[in-house]
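Q: Enclosed is the structure file start_13.cif (mmCIF, C-alpha atoms).
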```
data_start
loop_
_atom_site.label_atom_id
_atom_site.label_comp_id
_atom_site.auth_asym_id
_atom_site.auth_seq_id
_atom_site.Cartn_x
_atom_site.Cartn_y
_atom_site.Cartn_z
CA MET A 1 79.51 102.17 134.73
CA TYR A 2 81.87 105.00 133.93
CA SER A 3 85.19 103.35 134.24
CA SER A 4 88.08 104.87 132.37
CA LEU A 5 88.06 101.88 130.03
CA VAL A 6 84.54 102.55 128.88
CA ARG A 7 85.42 106.19 128.36
CA LEU A 8 88.43 105.16 126.31
CA GLN A 9 86.28 102.87 124.22
CA ASN A 10 83.75 105.62 123.64
CA VAL A 11 86.43 108.08 122.62
CA PHE A 12 87.94 105.59 120.21
CA GLY A 13 84.54 104.76 118.80
CA LEU A 14 83.75 108.42 118.27
CA PHE A 15 87.13 108.95 116.66
CA THR A 16 86.64 106.19 114.09
CA THR A 17 83.08 107.30 113.34
CA VAL A 18 84.13 110.91 112.82
CA ALA A 19 87.12 109.86 110.73
CA PHE A 20 84.91 107.78 108.44
CA VAL A 21 82.28 110.50 108.10
CA VAL A 22 84.93 113.10 107.25
CA ALA A 23 86.51 110.70 104.75
CA ALA A 24 83.11 110.07 103.16
CA LEU A 25 82.46 113.82 102.90
CA ILE A 26 85.84 114.38 101.30
CA ALA A 27 85.19 111.58 98.85
CA ALA A 28 81.76 113.03 98.06
CA SER A 29 83.23 116.48 97.47
CA ASP A 30 84.82 115.09 94.30
CA PHE A 31 81.43 114.82 92.68
CA ILE A 32 80.59 118.50 92.98
CA THR A 33 83.92 119.67 91.60
CA PRO A 34 83.58 120.28 87.87
CA ARG A 35 85.99 118.55 85.57
CA ALA A 36 86.54 119.63 81.99
CA PRO A 37 89.66 117.98 80.61
CA THR A 38 90.54 118.74 77.02
CA VAL A 39 93.11 117.47 74.58
CA GLY A 40 94.34 119.92 71.99
CA THR A 41 96.42 117.70 69.80
CA LEU A 42 97.38 114.07 69.82
CA LYS A 43 99.20 112.98 66.71
CA THR A 44 101.92 110.65 65.69
CA THR A 45 105.16 112.18 64.54
CA ASN A 46 107.23 109.16 63.65
CA VAL A 47 106.27 105.52 63.43
CA GLN A 48 108.74 102.69 63.03
CA VAL A 49 108.68 98.95 63.32
CA VAL A 50 111.93 97.24 64.20
CA ASN A 51 112.98 93.69 64.92
CA GLY A 52 114.02 92.85 68.43
CA ARG A 53 114.04 90.33 71.22
CA PRO A 54 111.76 90.32 74.28
CA HIS A 55 114.76 90.18 76.59
CA TYR A 56 118.48 89.74 76.26
CA TYR A 57 118.61 85.97 76.67
CA SER A 58 115.86 85.24 74.20
CA SER A 59 116.36 83.94 70.71
CA LYS A 60 112.81 84.80 69.72
CA LYS A 61 112.56 87.55 67.14
CA GLU A 62 109.65 89.91 67.47
CA GLU A 63 108.56 93.06 65.74
CA TYR A 64 108.29 96.15 67.89
CA ALA A 65 106.42 99.29 66.98
CA ILE A 66 108.00 102.53 68.11
CA ILE A 67 105.42 105.27 67.90
CA LYS A 68 106.58 108.79 68.57
CA PHE A 69 103.85 111.28 69.20
CA SER A 70 103.04 114.84 70.12
CA LEU A 71 100.53 115.67 72.78
CA ASP A 72 98.99 118.86 74.02
CA ALA A 73 96.44 118.41 76.77
CA ASP A 74 94.90 120.37 79.61
CA LEU A 75 93.93 118.17 82.52
CA SER A 76 94.28 120.87 85.15
CA SER A 77 90.67 120.63 86.28
CA LEU A 78 91.36 117.15 87.60
CA PHE A 79 93.51 118.50 90.40
CA THR A 80 91.51 119.15 93.54
CA TRP A 81 92.28 118.91 97.23
CA ASN A 82 91.46 115.21 97.17
CA THR A 83 93.70 114.39 94.23
CA LYS A 84 96.68 112.27 95.11
CA GLN A 85 97.91 111.66 91.63
CA VAL A 86 96.75 111.62 88.07
CA PHE A 87 97.97 108.76 85.94
CA VAL A 88 98.05 109.78 82.30
CA TYR A 89 98.57 107.19 79.62
CA VAL A 90 98.46 106.96 75.88
CA THR A 91 97.36 103.72 74.30
CA ALA A 92 97.65 102.46 70.78
CA GLU A 93 94.49 100.68 69.78
CA TRP A 94 93.75 98.63 66.74
CA PRO A 95 91.12 96.17 65.61
CA SER A 96 91.94 92.52 65.31
CA SER A 97 93.46 91.52 62.01
CA LEU A 98 91.06 88.60 61.79
CA SER A 99 87.98 90.76 61.60
CA SER A 100 87.11 92.54 58.38
CA SER A 101 89.25 95.51 57.60
CA SER A 102 86.40 97.99 57.80
CA SER A 103 87.29 100.70 60.22
CA SER A 104 83.96 100.93 62.01
CA ALA A 105 85.47 100.04 65.35
CA THR A 106 87.80 102.97 65.60
CA LYS A 107 86.29 105.77 63.58
CA GLY A 108 83.29 106.68 65.67
CA GLY A 109 85.00 107.62 68.89
CA LEU A 110 82.00 106.33 70.80
CA ASN A 111 83.26 102.80 70.76
CA THR A 112 85.79 102.77 73.53
CA THR A 113 86.93 99.20 73.42
CA ALA A 114 89.11 98.42 70.49
CA GLU A 115 90.12 94.81 70.33
CA ASN A 116 93.76 95.40 71.01
CA GLN A 117 95.07 98.06 73.31
CA ALA A 118 98.58 98.68 74.50
CA VAL A 119 100.01 101.49 76.57
CA ILE A 120 102.88 103.18 74.77
CA TRP A 121 103.52 105.99 77.21
CA ASP A 122 102.42 106.81 80.72
CA SER A 123 103.19 109.36 83.35
CA ILE A 124 102.39 109.82 87.01
CA ILE A 125 101.56 113.41 87.85
CA THR A 126 101.63 113.81 91.60
CA ALA A 127 99.70 116.51 93.34
CA PRO A 128 101.88 118.76 95.54
CA SER A 129 100.45 116.95 98.58
CA SER A 130 101.89 113.65 97.42
CA ASP A 131 105.19 114.85 95.98
CA HIS A 132 107.11 113.16 98.77
CA LEU A 133 105.89 109.79 97.50
CA ALA A 134 107.14 110.15 93.96
CA ASN A 135 109.81 107.69 92.94
CA ILE A 136 112.37 110.09 91.51
CA GLY A 137 115.93 111.15 92.21
CA PRO A 138 116.76 113.76 94.85
CA ALA A 139 117.53 116.50 92.34
CA ALA A 140 114.30 115.97 90.47
CA MET A 141 112.45 115.82 93.78
CA LYS A 142 113.88 119.18 94.82
CA LYS A 143 112.80 120.70 91.54
CA LEU A 144 109.36 119.18 91.80
CA ARG A 145 108.87 120.48 95.31
CA LYS A 146 110.11 123.92 94.36
CA SER A 147 107.67 124.07 91.46
CA ALA A 148 104.77 124.02 93.86
CA ALA A 149 106.23 125.62 96.96
CA GLY A 150 103.48 126.99 99.17
CA LYS A 151 100.72 125.54 97.05
CA SER A 152 98.60 122.62 98.11
CA ILE A 153 96.92 122.31 94.73
CA ASP A 154 98.80 123.01 91.55
CA PRO A 155 96.52 122.78 88.52
CA SER A 156 99.29 123.84 86.16
CA ARG A 157 100.69 120.34 86.48
CA GLY A 158 97.79 119.11 84.42
CA LYS A 159 98.98 121.02 81.38
CA LEU A 160 100.88 118.60 79.22
CA THR A 161 102.92 119.55 76.21
CA LEU A 162 104.97 116.85 74.57
CA LYS A 163 106.75 117.30 71.28
CA ASN A 164 107.89 114.24 69.38
CA GLN A 165 107.84 112.19 72.56
CA ARG A 166 109.56 108.81 72.44
CA PRO A 167 107.28 106.01 73.66
CA LYS A 168 108.15 104.40 76.95
CA TYR A 169 107.04 101.00 75.76
CA GLN A 170 107.69 99.37 72.42
CA ILE A 171 104.67 97.32 71.67
CA THR A 172 104.32 94.01 69.98
CA TYR A 173 101.61 91.42 69.54
CA PRO A 174 101.49 87.92 71.07
CA SER A 175 102.28 86.45 67.65
CA GLY A 176 105.33 88.69 67.38
CA LYS A 177 104.02 90.28 64.20
CA ILE A 178 102.86 93.87 64.30
CA ALA A 179 104.19 95.48 61.11
CA GLU A 180 101.72 96.79 58.57
CA THR A 181 98.82 96.82 61.02
CA ASP A 182 95.97 99.00 59.79
CA ASN A 183 93.72 101.42 61.61
CA VAL A 184 95.87 102.06 64.63
CA VAL A 185 94.82 105.05 66.70
CA LEU A 186 96.34 106.68 69.72
CA ARG A 187 94.06 107.54 72.59
CA LEU A 188 94.77 109.52 75.72
CA HIS A 189 93.40 108.24 79.01
CA TYR A 190 93.68 109.38 82.57
CA ASN A 191 93.04 107.87 85.96
CA VAL A 192 92.50 110.11 88.95
CA GLN A 193 93.69 108.61 92.20
CA PRO A 194 92.12 110.29 95.22
CA TRP A 195 93.42 110.47 98.77
CA VAL A 196 90.22 108.78 99.78
CA GLY A 197 87.24 107.74 97.69
CA ILE A 198 86.61 106.20 94.34
CA LEU A 199 89.05 105.98 91.48
CA THR A 200 87.90 107.61 88.29
CA TRP A 201 88.88 107.26 84.68
CA ASN A 202 88.15 109.38 81.64
CA GLN A 203 84.50 109.16 80.66
CA ASP A 204 83.09 109.10 77.17
CA ARG A 205 79.93 110.92 78.27
CA ASP A 206 79.18 113.71 80.71
CA PHE A 207 78.49 112.66 84.25
CA GLY A 208 77.06 115.38 86.47
CA SER A 209 79.58 118.19 86.61
CA TRP A 210 82.26 115.98 85.10
CA LYS A 211 82.58 116.63 81.42
CA GLN A 212 83.78 114.01 79.02
CA LEU A 213 87.30 114.19 77.71
CA GLN A 214 87.35 116.46 74.66
CA GLY A 215 89.53 115.14 71.90
CA GLY A 216 92.11 112.63 72.90
CA LEU A 217 91.94 110.47 69.79
CA SER A 218 94.47 110.61 67.00
CA LYS A 219 93.89 109.99 63.34
CA ALA A 220 94.07 106.37 62.28
CA PHE A 221 97.40 105.35 60.86
CA THR A 222 99.09 102.24 59.53
CA LEU A 223 102.24 100.78 60.96
CA PRO A 224 105.00 100.62 58.35
CA ALA A 225 106.86 97.52 57.25
CA THR A 226 109.83 96.46 59.33
CA LYS A 227 112.76 98.72 59.00
CA LYS A 228 115.98 96.84 58.50
CA LYS A 229 118.74 98.17 60.63
CA ALA A 230 121.19 99.43 58.08
CA THR A 231 124.30 98.26 59.88
CA ALA A 232 122.95 94.84 60.80
CA ALA A 233 121.74 94.16 57.29
CA GLY A 234 125.00 95.32 55.78
CA GLY A 235 127.00 93.17 58.17
CA ALA A 236 124.98 90.11 57.38
CA LYS A 237 125.49 90.42 53.69
CA SER A 238 129.19 91.01 53.61
CA MET B 1 78.87 90.95 105.88
CA TRP B 2 81.96 89.64 104.14
CA LYS B 3 79.98 86.98 102.26
CA GLY B 4 77.37 89.55 101.27
CA LEU B 5 80.01 91.89 99.88
CA SER B 6 81.55 88.95 98.12
CA VAL B 7 78.29 88.16 96.38
CA ILE B 8 77.57 91.77 95.45
CA THR B 9 81.00 92.41 94.00
CA ASP B 10 81.39 88.87 92.64
CA SER B 11 84.90 88.78 93.99
CA PRO B 12 86.31 86.17 96.38
CA SER B 13 87.92 88.92 98.44
CA PRO B 14 86.23 92.28 97.86
CA ILE B 15 88.52 94.21 100.19
CA VAL B 16 92.28 93.84 100.03
CA VAL B 17 95.18 95.46 101.83
CA VAL B 18 98.12 96.65 99.76
CA LEU B 19 101.25 94.79 100.80
CA SER B 20 103.91 96.15 98.48
CA GLY B 21 105.05 99.47 97.13
CA SER B 22 104.93 98.55 93.48
CA MET B 23 101.97 100.82 92.81
CA GLU B 24 103.37 103.85 94.64
CA PRO B 25 102.60 106.67 94.78
CA ALA B 26 99.00 105.63 94.12
CA PHE B 27 98.83 102.89 96.71
CA GLN B 28 101.09 102.54 99.69
CA ARG B 29 101.46 99.67 102.06
CA GLY B 30 98.47 99.39 104.32
CA ASP B 31 95.96 101.11 102.10
CA LEU B 32 92.60 99.45 101.76
CA LEU B 33 91.19 98.78 98.30
CA LEU B 34 87.61 98.02 97.40
CA LEU B 35 87.27 95.65 94.49
CA TRP B 36 84.61 95.10 91.90
CA ASN B 37 84.62 92.02 89.75
CA ARG B 38 81.60 92.41 87.48
CA ASN B 39 81.71 93.65 83.91
CA LEU B 40 78.36 95.41 83.77
CA TYR B 41 79.10 98.17 81.28
CA SER B 42 82.40 97.26 79.76
CA GLU B 43 85.09 94.68 79.86
CA THR B 44 88.15 94.89 82.00
CA ASN B 45 90.22 97.33 80.02
CA VAL B 46 93.67 98.74 79.76
CA GLY B 47 94.35 101.24 82.52
CA GLU B 48 92.30 99.50 85.16
CA ILE B 49 94.07 98.48 88.29
CA VAL B 50 93.35 94.83 88.88
CA VAL B 51 94.10 92.34 91.60
CA TYR B 52 95.13 88.99 90.21
CA ASN B 53 96.29 85.64 91.44
CA VAL B 54 99.05 83.76 89.71
CA LYS B 55 98.77 79.99 89.54
CA ASP B 56 100.49 78.27 92.46
CA LYS B 57 101.04 81.55 94.24
CA ASP B 58 98.84 82.59 97.12
CA ILE B 59 99.56 86.29 97.26
CA PRO B 60 97.24 88.45 95.20
CA ILE B 61 99.00 91.21 93.28
CA VAL B 62 97.64 94.70 92.62
CA HIS B 63 98.85 96.07 89.30
CA ARG B 64 97.64 98.03 86.33
CA VAL B 65 96.63 96.45 83.02
CA VAL B 66 98.87 97.89 80.32
CA ARG B 67 98.13 95.69 77.34
CA LYS B 68 95.14 93.80 76.14
CA PHE B 69 94.96 91.67 73.03
CA GLY B 70 91.60 90.39 71.94
CA THR B 71 88.25 90.65 73.64
CA GLY B 72 86.04 88.45 75.72
CA PRO B 73 87.09 85.97 78.40
CA ASP B 74 90.14 84.87 76.43
CA ALA B 75 91.65 88.31 75.99
CA GLN B 76 95.33 88.32 76.85
CA LEU B 77 96.19 90.89 79.48
CA LEU B 78 99.56 92.16 80.55
CA THR B 79 100.00 94.02 83.82
CA LYS B 80 102.64 96.29 85.28
CA GLY B 81 103.14 98.10 88.55
CA ASP B 82 103.30 101.86 88.14
CA ASN B 83 106.41 101.98 90.24
CA ASN B 84 108.13 99.05 88.50
CA LEU B 85 110.33 99.55 85.49
CA SER B 86 109.31 96.42 83.64
CA ASP B 87 106.07 94.58 83.18
CA ASP B 88 104.94 91.56 85.13
CA THR B 89 105.93 88.77 82.76
CA GLU B 90 108.48 87.59 85.29
CA LEU B 91 105.94 87.47 88.10
CA TYR B 92 103.65 85.14 86.22
CA ALA B 93 103.85 81.39 86.38
CA ARG B 94 106.51 79.62 84.35
CA GLY B 95 105.57 79.65 80.70
CA GLN B 96 102.76 82.13 81.28
CA ASP B 97 103.09 85.33 79.31
CA TYR B 98 99.67 86.83 79.79
CA LEU B 99 96.76 86.82 82.19
CA VAL B 100 93.21 86.03 81.20
CA ARG B 101 90.07 87.42 82.74
CA LYS B 102 89.56 84.57 85.19
CA ASP B 103 92.95 85.15 86.83
CA ILE B 104 91.65 88.51 87.98
CA ILE B 105 89.74 88.68 91.23
CA GLY B 106 88.65 92.28 90.90
CA SER B 107 89.32 95.80 89.68
CA VAL B 108 90.04 98.55 92.16
CA VAL B 109 87.18 101.02 92.43
CA GLY B 110 87.57 102.59 95.86
CA PHE B 111 90.41 103.57 98.11
CA ILE B 112 90.77 104.19 101.85
CA PRO B 113 94.25 105.01 103.12
CA PHE B 114 96.10 103.50 106.10
CA VAL B 115 93.21 101.50 107.55
CA GLY B 116 94.69 98.18 106.56
CA TYR B 117 97.99 98.86 108.24
CA VAL B 118 96.80 97.08 111.37
CA THR B 119 96.78 93.77 109.55
CA ILE B 120 100.28 94.32 108.21
CA MET B 121 101.51 95.17 111.69
CA LEU B 122 99.91 92.07 113.09
CA SER B 123 101.35 89.74 110.48
CA GLU B 124 104.83 91.24 110.55
CA HIS B 125 105.15 91.58 114.31
CA PRO B 126 103.56 88.48 115.79
CA TRP B 127 104.28 89.67 119.32
CA LEU B 128 101.72 92.46 118.78
CA LYS B 129 99.07 89.80 118.52
CA THR B 130 100.04 88.46 121.93
CA VAL B 131 100.03 91.94 123.37
CA MET B 132 96.60 92.65 121.94
CA LEU B 133 95.22 89.37 123.20
CA GLY B 134 96.69 90.21 126.60
CA ILE B 135 95.04 93.62 126.62
CA MET B 136 91.72 92.10 125.65
CA GLY B 137 92.01 89.50 128.38
CA LEU B 138 92.84 92.23 130.87
CA VAL B 139 89.81 94.22 129.76
CA VAL B 140 87.56 91.21 130.24
CA VAL B 141 89.01 90.53 133.67
CA LEU B 142 88.70 94.17 134.72
CA GLN B 143 85.13 94.46 133.52
CA ARG B 144 84.06 91.48 135.61
CA GLU B 145 84.32 93.54 138.77
#
```
Could you spell out this file's structure in structure tokens?
A:
Amino acid sequence: MYSSLVRLQNVFGLFTTVAFVVAALIAASDFITPRAPTVGTLKTTNVQVVNGRPHYYSSKKEEYAIIKFSLDADLSSLFTWNTKQVFVYVTAEWPSSLSSSSSSATKGGLNTTAENQAVIWDSIITAPSSDHLANIGPAAMKKLRKSAAGKSIDPSRGKLTLKNQRPKYQITYPSGKIAETDNVVLRLHYNVQPWVGILTWNQDRDFGSWKQLQGGLSKAFTLPATKKKATAAGGAKS
Amino acid sequence: MWKGLSVITDSPSPIVVVLSGSMEPAFQRGDLLLLWNRNLYSETNVGEIVVYNVKDKDIPIVHRVVRKFGTGPDAQLLTKGDNNLSDDTELYARGQDYLVRKDIIGSVVGFIPFVGYVTIMLSEHPWLKTVMLGIMGLVVVLQRE
């Protein structure tokens, strides 16, 4: 029975099969591409704790940590033909205040799960093939496109250099108290988003041709006591 | 097949279709996500993209975990869409400031673009369903020859 309908069905069936096989091959090609991300420096430059409110119409007072930091990282090996975007984020991590103050949880570097983690800064790095999806203004978009004109892969985008970067998020704790927290460390993470395939995060051990992230952990520091806003304090007293 | 996947991944719906643009450019509408809901090696951590259900709301939401306080099943998690300016506190139920592990129905592990767009088309343009049913009926009738 070779009616045109059967032919159409066969063609469609072949199309979906081929599409899935090609997609699977593309996804598998990620595993044979070496990755060797490194972080040169990650250090805090200025740490403050200020009082604030969660939103404008709230009377609740909370303490917010503002952690400025410098970062120098080379993630260029994460950009391959299957990379849609790389999501880079810096977390502040600290052990719970209830547990003993020994710093075993954060010193080793092997222990990846601190008890408290909060993202203080993140960035979406699009690959040139997904630039059109980025949520930025037209001028920035033009610049972004120009930066990679004619290139389908642009590894230089993985080179990050931030000097005294302001955090995007001021972090607090559910109790509203965060000042004078001990053993806080900053840690750099990344998440590679493919065009098709599995999502991958930074590993803490080598996996095939994917090397673990070198560096990416700052020295432990202590959050300072709340800084009184000079003007507010002065106004309250007078 | 669906039930089997459900058991393996321990998630009530192991495959979801992205419905909103709040995770762009990572996920666009119509992309298919494969979920995994077991914590074999490590807990659900900051940076993972999770699908969660809010109490009294039926629509699962795909967002990234940006804060985590505490460990274990009672850890307080805060999520945010990459493309949103602010975090999800306003999306949660009234009086709820954080998610806990059991609100989450899975973390995204795999990604297939566009495939799920058919379902979005069907739910947003109900007439397409009629058309498709019509075509199927026609096929059946024609094949009876």
Q: Residues of chain B no more than 9 Å from chain A, counting all atoms listed in the file: send them over as a PyMOL selection string.
A: chain B and resi 24-28+34+42-43+45-48+65-71+75-76+78+82-83+97-98+108-113+139+143
Q: Would you put the residues from that selection into a file with C-alpha atoms, as a tab-separated table (two decimals), in the frame of the given file?
A:
```tsv
chain	number	residue	atom	x	y	z
B	24	GLU	CA	103.37	103.85	94.64
B	25	PRO	CA	102.60	106.67	94.78
B	26	ALA	CA	99.00	105.63	94.12
B	27	PHE	CA	98.83	102.89	96.71
B	28	GLN	CA	101.09	102.54	99.69
B	34	LEU	CA	87.61	98.02	97.40
B	42	SER	CA	82.40	97.26	79.76
B	43	GLU	CA	85.09	94.68	79.86
B	45	ASN	CA	90.22	97.33	80.02
B	46	VAL	CA	93.67	98.74	79.76
B	47	GLY	CA	94.35	101.24	82.52
B	48	GLU	CA	92.30	99.50	85.16
B	65	VAL	CA	96.63	96.45	83.02
B	66	VAL	CA	98.87	97.89	80.32
B	67	ARG	CA	98.13	95.69	77.34
B	68	LYS	CA	95.14	93.80	76.14
B	69	PHE	CA	94.96	91.67	73.03
B	70	GLY	CA	91.60	90.39	71.94
B	71	THR	CA	88.25	90.65	73.64
B	75	ALA	CA	91.65	88.31	75.99
B	76	GLN	CA	95.33	88.32	76.85
B	78	LEU	CA	99.56	92.16	80.55
B	82	ASP	CA	103.30	101.86	88.14
B	83	ASN	CA	106.41	101.98	90.24
B	97	ASP	CA	103.09	85.33	79.31
B	98	TYR	CA	99.67	86.83	79.79
B	108	VAL	CA	90.04	98.55	92.16
B	109	VAL	CA	87.18	101.02	92.43
B	110	GLY	CA	87.57	102.59	95.86
B	111	PHE	CA	90.41	103.57	98.11
B	112	ILE	CA	90.77	104.19	101.85
B	113	PRO	CA	94.25	105.01	103.12
B	139	VAL	CA	89.81	94.22	129.76
B	143	GLN	CA	85.13	94.46	133.52
```
Q: Applying the PyMOL selection byres ((chain A and resi 74) around 12) to the file I just gave you, which residues come out? Please list them as a PyMOL selection string.
A: chain A and resi 35-42+71-73+75-79+88+155-162+188+190+213-216
Q: Deliver the residues from the most recent selection as a file, using C-alpha atoms, as an mmCIF file, in the frame of the given file.
A:
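Output contents, as saved in again05.cif:
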```
data_model
loop_
_atom_site.group_PDB
_atom_site.id
_atom_site.type_symbol
_atom_site.label_atom_id
_atom_site.label_comp_id
_atom_site.auth_asym_id
_atom_site.auth_seq_id
_atom_site.Cartn_x
_atom_site.Cartn_y
_atom_site.Cartn_z
ATOM 1 C CA ARG A 35 85.990 118.550 85.570
ATOM 2 C CA ALA A 36 86.540 119.630 81.990
ATOM 3 C CA PRO A 37 89.660 117.980 80.610
ATOM 4 C CA THR A 38 90.540 118.740 77.020
ATOM 5 C CA VAL A 39 93.110 117.470 74.580
ATOM 6 C CA GLY A 40 94.340 119.920 71.990
ATOM 7 C CA THR A 41 96.420 117.700 69.800
ATOM 8 C CA LEU A 42 97.380 114.070 69.820
ATOM 9 C CA LEU A 71 100.530 115.670 72.780
ATOM 10 C CA ASP A 72 98.990 118.860 74.020
ATOM 11 C CA ALA A 73 96.440 118.410 76.770
ATOM 12 C CA LEU A 75 93.930 118.170 82.520
ATOM 13 C CA SER A 76 94.280 120.870 85.150
ATOM 14 C CA SER A 77 90.670 120.630 86.280
ATOM 15 C CA LEU A 78 91.360 117.150 87.600
ATOM 16 C CA PHE A 79 93.510 118.500 90.400
ATOM 17 C CA VAL A 88 98.050 109.780 82.300
ATOM 18 C CA PRO A 155 96.520 122.780 88.520
ATOM 19 C CA SER A 156 99.290 123.840 86.160
ATOM 20 C CA ARG A 157 100.690 120.340 86.480
ATOM 21 C CA GLY A 158 97.790 119.110 84.420
ATOM 22 C CA LYS A 159 98.980 121.020 81.380
ATOM 23 C CA LEU A 160 100.880 118.600 79.220
ATOM 24 C CA THR A 161 102.920 119.550 76.210
ATOM 25 C CA LEU A 162 104.970 116.850 74.570
ATOM 26 C CA LEU A 188 94.770 109.520 75.720
ATOM 27 C CA TYR A 190 93.680 109.380 82.570
ATOM 28 C CA LEU A 213 87.300 114.190 77.710
ATOM 29 C CA GLN A 214 87.350 116.460 74.660
ATOM 30 C CA GLY A 215 89.530 115.140 71.900
ATOM 31 C CA GLY A 216 92.110 112.630 72.900
#
```
Q: What residues come out when you apply the PyMOL selection byres ((chain B and resi 15) around 12) to this file, written as a compact mmCIF listing (two decimals) with C-alpha atoms, in the coordinates of the input?
A:
```txt
# COMPACT_ATOMS: atom_id res chain seq x y z
CA MET B 1 78.87 90.95 105.88
CA TRP B 2 81.96 89.64 104.14
CA LYS B 3 79.98 86.98 102.26
CA LEU B 5 80.01 91.89 99.88
CA SER B 6 81.55 88.95 98.12
CA THR B 9 81.00 92.41 94.00
CA ASP B 10 81.39 88.87 92.64
CA SER B 11 84.90 88.78 93.99
CA PRO B 12 86.31 86.17 96.38
CA SER B 13 87.92 88.92 98.44
CA PRO B 14 86.23 92.28 97.86
CA VAL B 16 92.28 93.84 100.03
CA VAL B 17 95.18 95.46 101.83
CA VAL B 18 98.12 96.65 99.76
CA GLY B 30 98.47 99.39 104.32
CA ASP B 31 95.96 101.11 102.10
CA LEU B 32 92.60 99.45 101.76
CA LEU B 33 91.19 98.78 98.30
CA LEU B 34 87.61 98.02 97.40
CA LEU B 35 87.27 95.65 94.49
CA TRP B 36 84.61 95.10 91.90
CA ASN B 37 84.62 92.02 89.75
CA VAL B 51 94.10 92.34 91.60
CA PRO B 60 97.24 88.45 95.20
CA VAL B 62 97.64 94.70 92.62
CA ILE B 105 89.74 88.68 91.23
CA GLY B 106 88.65 92.28 90.90
CA SER B 107 89.32 95.80 89.68
CA VAL B 108 90.04 98.55 92.16
CA VAL B 109 87.18 101.02 92.43
CA GLY B 110 87.57 102.59 95.86
CA PHE B 111 90.41 103.57 98.11
CA ILE B 112 90.77 104.19 101.85
CA VAL B 115 93.21 101.50 107.55
CA GLY B 116 94.69 98.18 106.56
```
Q: Care to translate the PyMOL selection byres ((chain B and resi 90-95) around 8) into actual residues of this file, as JSON, numbers by chain?
A: {"B": [54, 55, 56, 87, 88, 89, 96, 97, 98]}
Q: How about saving the chosen residues, C-alpha atoms kept, as an mmCIF file, in the frame of the given file?
A:
```cif
data_model
loop_
_atom_site.group_PDB
_atom_site.id
_atom_site.type_symbol
_atom_site.label_atom_id
_atom_site.label_comp_id
_atom_site.auth_asym_id
_atom_site.auth_seq_id
_atom_site.Cartn_x
_atom_site.Cartn_y
_atom_site.Cartn_z
ATOM 1 C CA VAL B 54 99.050 83.760 89.710
ATOM 2 C CA LYS B 55 98.770 79.990 89.540
ATOM 3 C CA ASP B 56 100.490 78.270 92.460
ATOM 4 C CA ASP B 87 106.070 94.580 83.180
ATOM 5 C CA ASP B 88 104.940 91.560 85.130
ATOM 6 C CA THR B 89 105.930 88.770 82.760
ATOM 7 C CA GLN B 96 102.760 82.130 81.280
ATOM 8 C CA ASP B 97 103.090 85.330 79.310
ATOM 9 C CA TYR B 98 99.670 86.830 79.790
#
```
Q: Mind pulling up the distance from CA of Ser22 in chain B to CA of Arg38 in chain B?
A: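 A separation of 24.9 Å between them.
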Q: Kindly reconstruct range 50-60 of chain A with N, CA and C atoms and present the result as an mmCIF file, in the coordinates of the input.
A:
```
data_model
loop_
_atom_site.group_PDB
_atom_site.id
_atom_site.type_symbol
_atom_site.label_atom_id
_atom_site.label_comp_id
_atom_site.auth_asym_id
_atom_site.auth_seq_id
_atom_site.Cartn_x
_atom_site.Cartn_y
_atom_site.Cartn_z
ATOM 1 N N VAL A 50 110.590 97.825 64.254
ATOM 2 C CA VAL A 50 111.930 97.240 64.200
ATOM 3 C C VAL A 50 111.856 95.806 64.732
ATOM 4 N N ASN A 51 112.865 95.036 64.386
ATOM 5 C CA ASN A 51 112.980 93.690 64.920
ATOM 6 C C ASN A 51 113.725 93.724 66.241
ATOM 7 N N GLY A 52 113.318 92.876 67.154
ATOM 8 C CA GLY A 52 114.020 92.850 68.430
ATOM 9 C C GLY A 52 113.732 91.575 69.174
ATOM 10 N N ARG A 53 114.265 91.495 70.383
ATOM 11 C CA ARG A 53 114.040 90.330 71.220
ATOM 12 C C ARG A 53 113.346 90.766 72.494
ATOM 13 N N PRO A 54 112.473 89.918 73.064
ATOM 14 C CA PRO A 54 111.760 90.320 74.280
ATOM 15 C C PRO A 54 112.702 90.604 75.445
ATOM 16 N N HIS A 55 113.734 89.832 75.600
ATOM 17 C CA HIS A 55 114.760 90.180 76.590
ATOM 18 C C HIS A 55 116.084 89.632 76.100
ATOM 19 N N TYR A 56 117.140 89.968 76.779
ATOM 20 C CA TYR A 56 118.480 89.740 76.260
ATOM 21 C C TYR A 56 118.766 88.273 75.966
ATOM 22 N N TYR A 57 118.268 87.384 76.819
ATOM 23 C CA TYR A 57 118.610 85.970 76.670
ATOM 24 C C TYR A 57 117.582 85.219 75.855
ATOM 25 N N SER A 58 116.883 85.906 74.995
ATOM 26 C CA SER A 58 115.860 85.240 74.200
ATOM 27 C C SER A 58 116.309 85.163 72.760
ATOM 28 N N SER A 59 115.996 84.057 72.122
ATOM 29 C CA SER A 59 116.360 83.940 70.710
ATOM 30 C C SER A 59 115.166 84.263 69.823
ATOM 31 N N LYS A 60 114.024 84.523 70.469
ATOM 32 C CA LYS A 60 112.810 84.800 69.720
ATOM 33 C C LYS A 60 112.890 86.195 69.090
#
```
